[in-house]
Amino acid sequence: MLCWAHGRRRVAIPKIISNLVERYRDNQDGYRRDYGETETRRELLDPFFRTLGWDIDNRQGHAEAYKDVVHEDSVKIGVSTKAPDYSFRVGGVRKFFLEAKRPAVKLKDDAEAAYQLRRYAWSAKLPLSVLSNFGEFAAYDTRIRPSQNDKASTARLMYFTFDDFEKHWDDIAAIFSKDAVYKGSFDKYAAGKGKKGTAEVDDAFLNEIDSWREALAKNIAHRNKDLSPAELNYSVQQTIDRVIFLRICEDRGIESYGRLRQLQNGEHTYARLKQLFQDANDRYNSGLFHFRNETGRSAPDGLTLSLKIDDKVLKDILRHLYYPESPYEFSVLPADILGQVYEQFLGKVIRLTAAGHAKVEDKPEVKKAGGVYYTPTYIVEHIVGNTVGRVLEGLDLDRAAKIRVLDPACGSGSFLIGAYQYLLDWHRNWYETNDPEKYARGRAPRVYRGRGNVWQLASAERKRILLNNIFGVDIDPQAVEVTKLSLLLKVLEEESAETIGRNREMFHERALPDLDINIKCGNSLIASDFYAAQLVPPDPEQSRTINPFDWADAFAPVKKDKGFHVVIGNPPYISALAMSKFQGEEVRDYWKSAYLTARGTYDIYVLFLEKALSLARKEGYVSFITPNKFLSAPYGEALRSFLLKKHCLESLIDFTRVPVFKDASVYPVISVIRPSQKFATEVNVFRGETDGTVSSRKQRVKTADLKRFPEDIWGTMLGSGTELCARIYAQCSILEDIAVVQATSTAAEADEYSKYVSESRRSAKSLKLVNTGTIDRYVSLWGIEDLTNKGQHYKRPVLDIRRVKPDRATLYQTKKIIFAKIAKVIECFLDNEGEYASLNTNCVFAPKEGFTLPFLIGVLNSRLMTFVYVNVFAALKMSGGYSQFQAPQLRLLPIAKPTPDQGRAIERLATQLAQLHTDFHAARTPHEQESVRRRIGSAEQQIDGQVNALYGLTEKDVKQILADET
């Protein structure tokens, strides 16, 4: 047992709890003998958690989506229970479950009760949950994968009996009270307990369906020799999707529990499974189960019903979907978790070997991009709220019906699910406040009173909203099918077998819509005019992989409506280098001719932004989460210019400091853009916090300031110095106008020249070699710090310049300033004799009249110049506070022209600092080093003062620079 409240002054147990304890103590035998679960909940557990601050009865009248506590009817189906008894929530987000038991159940040793609770909470990806009958209270770490062989004590963090409540009330309240959850104590406690066990539900389920895919692929390929790779992928995907859909419907009570499990008995498993699929077609009308021609619908699936699949493969899959082998409780598996699983699942593809064997491997584009990264739910909610939410403001029901929301790279459908949920909540709230009884009457009611007597949207209304409002496109046919599956499951969330049967009987209406009109497969960035310039007709394989998509033809109603009201999503991030390895040259040539933003070494997300703006209505919104690099990188100049001239960047949400994507070195921003509108005078910039929230404080960045920067650099929006930096640029030249700024080698040259590095004395044929690790401010560390190159360590490395290109040899022997490439501040030194070669760094040389290298090195090593660089190029910042100091960015640094006296003062101090740093590294005792360090500090203060005066900084400006360093 653990005491969370240790060290705090305890408060008295609330009177209502002490009275309940006393009553329970006096009547234990009666409670254990006579009380069922319902009485226990109503008379004991409800007041217990009400005392902890939870609005158990929704007395505050919150809408269904935002109630503190959701009570689920306990419906037994076989050995499984349909839903947990209580779900405690904050802002509609689940925090923990409470599973109630009658007092007769001995929770301390009841492994089945513990397993049931842990299955619910683990499947819902909740960190903690509670099992209680009031007489006993047990809290579990529900991140640990449950197993049927676990003891009741497995993963249990806390166990009290009613006699412990008085002594340990603080321990319970400090974690499970509403106040504790709101203040973060619940999350802090959960984080402190760590994740001690096996895989979380998304990782475990991904491994599960990965194994299904491999087994099905091998068996189907073996038993059906004539399948193409595309047909094999489709067959495997559809089989898995159909089984998952039906299994989820079973746990939700929509399908009879155990129908799939019964297929494990007997032979001809696939023949009987196909019958379930055909029955589902009659019930659901979904494209997921579409096997016969029907008027007004797309072509049916004429392939999968003819497949041969062995019994053993299917029985192995079905066995792992049920208790006791399965730890999954599909009734509570969140839609976003299913999406995360499928997003990873879609990163692989089935290929056929020359011998006809199936092999599952990473898709080339996924491998080049470094993996698949699912968009967290909180990001989806931010984007949906700032776009769909704003479009819906002030609308009535009829106008809301015309809203069109698009994700042009929908993947597993996370953004469309988020948008659909927002629309469902909006419609339910609208009906609740606009005479719901009126809309509950007639043959086709739009709302009805559901569980708990709350208003819910009727099935037909949920379908109408989906078909009217939600649209998506993806180049991957598997992704399209997953998006459809996710949306269809969302449609069914409030359905039951009874409501589906009633609609079928009364209105001859099947439960689900066909989404072929709304969710389409195609290449969002390539239209059919791609083939116009080709002299030879495309072969079938090229047509399949290119998959051109004509927006006007695909979404004719939207074309008539002048575009989409909202375009949202998380487009692919694929660099120019990665694209060159798996995209044909003809595709890249097409993009260059079709997109204004396809300039330089662009990333593909830039094209998606341009396409989104062309698809959106003038009064609409475009909002993507993308890497922040387009704000500062040279390849983003075309996009920045495009936005400034034709569109309005209304706001940015900066998640640069937040690890949004697990294990990915991507620093993202959310941009909210108003298409075809004049650029606003200000851009609002909000900061994303590490807990996924967005700070209410905003930074207003003036557009006029942004226009003062060369190449329309916008990185300062992510920093704090836009106004100061803009003022500095207004009075300065840029570095490339007064000196030559150049890389010291290409990546290929650095690789080649590494062969000619040796450890020896310098000669006429060689130069000292430095790199980022051996460059400090004002001095090189050659001979002081080891140089590491290609895994080799050198104390006094030299480069044989006879082996390098003549122009490089000339550069290396030139008087120059050499920069470290990666550092927290600008670090550069003056090679006054041309005695240093350098690989993978950058240099400055040949200054124009009025400027000298000693002057420039003093300015470049100053606090001010680092402040300018990390603000202007904030979008290029790396983890740990490091920046990359590259030639394209160094060229744009602002350099003020000094008077002769200012130039000489800065030169003198820079020369002095170079000598002091040399003396520091030569000092042999701590006392000598400390003495020199103090002199360095004094000289740096002086040179910073001279530079600040040169740039006309005020005392307020200097304070801002110093504050920025912290």
# chains A, B, ... in the order shown; residues from 1 in each chain; ligands from 1
>>> residues_around(residues="Tyr778 (chain A)", least_positions_apart="4", cutoff="6 Å", atoms="only C-alpha atoms", output="list in words")
Cys828, Phe829 and Ala914 of chain A
>>> residues_around(residues="Thr746 (chain A)", least_positions_apart="4", cutoff="9 Å", atoms="only C-alpha atoms", output="PDB file with N, CA, C and O atoms, in the first residue's frame")
ATOM      1  N   ALA A 750      33.397  15.992 -48.453  1.00  0.00           N
ATOM      2  CA  ALA A 750      33.829  15.657 -47.091  1.00  0.00           C
ATOM      3  C   ALA A 750      34.061  14.158 -46.962  1.00  0.00           C
ATOM      4  O   ALA A 750      35.024  13.713 -46.318  1.00  0.00           O
ATOM      5  N   ASP A 751      33.179  13.389 -47.579  1.00  0.00           N
ATOM      6  CA  ASP A 751      33.312  11.929 -47.542  1.00  0.00           C
ATOM      7  C   ASP A 751      34.588  11.494 -48.274  1.00  0.00           C
ATOM      8  O   ASP A 751      35.340  10.640 -47.795  1.00  0.00           O
ATOM      9  N   LEU A 839      36.197  20.562 -43.014  1.00  0.00           N
ATOM     10  CA  LEU A 839      35.193  19.761 -43.700  1.00  0.00           C
ATOM     11  C   LEU A 839      33.826  19.966 -43.032  1.00  0.00           C
ATOM     12  O   LEU A 839      33.724  20.049 -41.803  1.00  0.00           O
ATOM     13  N   ASN A 840      32.801  20.029 -43.861  1.00  0.00           N
ATOM     14  CA  ASN A 840      31.424  20.127 -43.354  1.00  0.00           C
ATOM     15  C   ASN A 840      31.210  21.346 -42.468  1.00  0.00           C
ATOM     16  O   ASN A 840      30.493  21.284 -41.475  1.00  0.00           O
TER      17      ASN A 840
END
>>> closest_residue(among="A:Leu913, A:Leu314, A:Val606, A:Val558", to="Asp776 (chain A)", atoms="only C-alpha atoms")
A:Leu913
>>> residues_around(residues="region 408-413 of chain A", least_positions_apart="5", cutoff="8 Å", atoms="only C-alpha atoms", output="ChimeraX atom specification")
/A:339-340,342-343,472-476,479-480,482-484,486-487,524,567-572,608,612
>>> select_by_dssp(residues="region 699-844 of chain A", states="strand (DSSP E)", output="ChimeraX atom specification")
/A:699-702,733-734,740-743,757-759,766-770,787-789,792-794,797-800,816-819,822-823,828-831,836-838,842-844
>>> write_last_selection(atoms="C-alpha atoms", output="compact mmCIF listing (two decimals), in the first residue's frame")
# COMPACT_ATOMS: atom_id res chain seq x y z
CA GLN A 699 2.36 36.98 -29.48
CA ARG A 700 1.22 39.43 -32.14
CA VAL A 701 3.72 39.61 -34.98
CA LYS A 702 3.35 42.57 -37.33
CA SER A 733 23.38 45.16 -45.22
CA ILE A 734 23.41 41.41 -45.21
CA VAL A 740 31.87 35.82 -49.65
CA VAL A 741 30.04 33.19 -47.58
CA GLN A 742 30.69 29.62 -48.66
CA ALA A 743 30.58 26.02 -47.46
CA VAL A 757 43.31 12.84 -43.27
CA SER A 758 46.28 11.72 -41.22
CA GLU A 759 47.95 12.26 -37.87
CA SER A 766 49.18 19.53 -45.86
CA LEU A 767 47.07 21.87 -43.74
CA LYS A 768 45.75 21.60 -40.23
CA LEU A 769 42.22 20.15 -40.26
CA VAL A 770 39.35 21.35 -38.08
CA LEU A 787 38.98 15.64 -33.96
CA THR A 788 36.58 12.81 -34.76
CA ASN A 789 36.06 11.96 -38.40
CA GLN A 792 38.62 7.89 -36.29
CA HIS A 793 40.10 10.13 -33.57
CA TYR A 794 42.97 12.52 -34.30
CA PRO A 797 45.02 15.99 -37.87
CA VAL A 798 46.18 17.28 -41.24
CA LEU A 799 44.68 17.08 -44.72
CA ASP A 800 46.80 16.38 -47.80
CA LYS A 816 39.04 33.37 -43.67
CA ILE A 817 36.61 33.00 -40.78
CA ILE A 818 35.59 29.37 -40.13
CA PHE A 819 32.29 28.52 -38.39
CA ILE A 822 26.25 22.84 -35.03
CA ALA A 823 26.36 24.77 -31.76
CA CYS A 828 33.91 31.01 -35.30
CA PHE A 829 37.60 31.82 -35.42
CA LEU A 830 39.89 33.74 -37.76
CA ASP A 831 42.32 31.70 -39.84
CA TYR A 836 43.40 25.46 -41.82
CA ALA A 837 41.32 23.13 -43.96
CA SER A 838 37.85 22.31 -42.78
CA ASN A 842 31.20 27.20 -43.55
CA CYS A 843 33.48 30.17 -43.97
CA VAL A 844 33.58 33.91 -44.75
>>> select_by_dssp(residues="region 222-448 of chain A", states="helix (DSSP H, G or I)", output="ChimeraX atom specification")
/A:222-223,229-251,259-262,269-284,287-289,304-306,311-319,335-345,364-369,377-392,397-400,414-432,436-439
>>> residues_around(residues="Gly688 (chain A)", least_positions_apart="4", cutoff="9 Å", atoms="only C-alpha atoms", output="CSV table (one decimal) with N, CA and C atoms, in the first residue's frame")
chain,number,residue,atom,x,y,z
A,653,ILE,N,0.3,28.0,-34.3
A,653,ILE,CA,0.5,27.4,-33.0
A,653,ILE,C,1.8,26.7,-33.0
A,654,ASP,N,2.7,27.1,-32.2
A,654,ASP,CA,4.1,26.7,-32.2
A,654,ASP,C,4.3,25.5,-31.3
A,655,PHE,N,4.5,24.3,-31.8
A,655,PHE,CA,4.8,23.1,-31.0
A,655,PHE,C,6.3,22.7,-31.2
A,656,THR,N,7.1,23.7,-31.5
A,656,THR,CA,8.5,23.4,-31.7
A,656,THR,C,9.2,22.8,-30.5
A,657,ARG,N,8.8,23.2,-29.3
A,657,ARG,CA,9.4,22.6,-28.1
A,657,ARG,C,8.7,21.4,-27.5
A,658,VAL,N,7.7,20.9,-28.3
A,658,VAL,CA,6.9,19.8,-27.8
A,658,VAL,C,7.2,18.5,-28.6
A,669,VAL,N,4.6,23.1,-36.5
A,669,VAL,CA,3.7,24.2,-36.2
A,669,VAL,C,2.4,23.9,-36.8
A,692,GLY,N,0.2,19.3,-24.2
A,692,GLY,CA,-0.7,19.3,-25.3
A,692,GLY,C,-1.6,20.4,-25.3
A,693,THR,N,-1.7,21.3,-24.3
A,693,THR,CA,-2.5,22.5,-24.3
A,693,THR,C,-1.8,23.6,-25.1
A,694,VAL,N,-2.6,24.6,-25.3
A,694,VAL,CA,-2.1,25.8,-26.0
A,694,VAL,C,-2.2,27.0,-25.1
A,695,SER,N,-1.2,27.7,-24.9
A,695,SER,CA,-1.2,28.8,-24.0
A,695,SER,C,-2.2,29.9,-24.5
>>> atom_distance(atom1="CA of Gly287 (chain A)", atom2="CA of Asp514 (chain A)")
5.3 Å
>>> closest_residue(among="A:Asp435, A:Phe851, A:Tyr284, A:Lys151", to="Thr899 (chain A)", atoms="only C-alpha atoms")
A:Phe851
>>> closest_residue(among="A:Lys559, A:Arg145, A:Lys108, A:Lys225", to="Thr161 (chain A)", atoms="only C-alpha atoms")
A:Lys108
>>> closest_residue(among="A:His382, A:Lys193, A:His290, A:Lys790", to="Leu515 (chain A)", atoms="only C-alpha atoms")
A:His290
>>> residues_around(residues="Asn58 (chain A)", least_positions_apart="6", cutoff="8 Å", atoms="only C-alpha atoms", output="mmCIF file with N, CA and C atoms, in the first residue's frame")
data_model
loop_
_atom_site.group_PDB
_atom_site.id
_atom_site.type_symbol
_atom_site.label_atom_id
_atom_site.label_comp_id
_atom_site.auth_asym_id
_atom_site.auth_seq_id
_atom_site.Cartn_x
_atom_site.Cartn_y
_atom_site.Cartn_z
ATOM 1 N N LYS A 67 -20.167 15.693 -19.903
ATOM 2 C CA LYS A 67 -20.534 15.259 -18.557
ATOM 3 C C LYS A 67 -19.313 14.743 -17.814
ATOM 4 N N ASP A 68 -19.288 15.009 -16.483
ATOM 5 C CA ASP A 68 -18.193 14.510 -15.658
ATOM 6 C C ASP A 68 -18.118 12.990 -15.671
ATOM 7 N N VAL A 69 -19.276 12.381 -15.539
ATOM 8 C CA VAL A 69 -19.333 10.937 -15.334
ATOM 9 C C VAL A 69 -20.336 10.320 -16.299
#
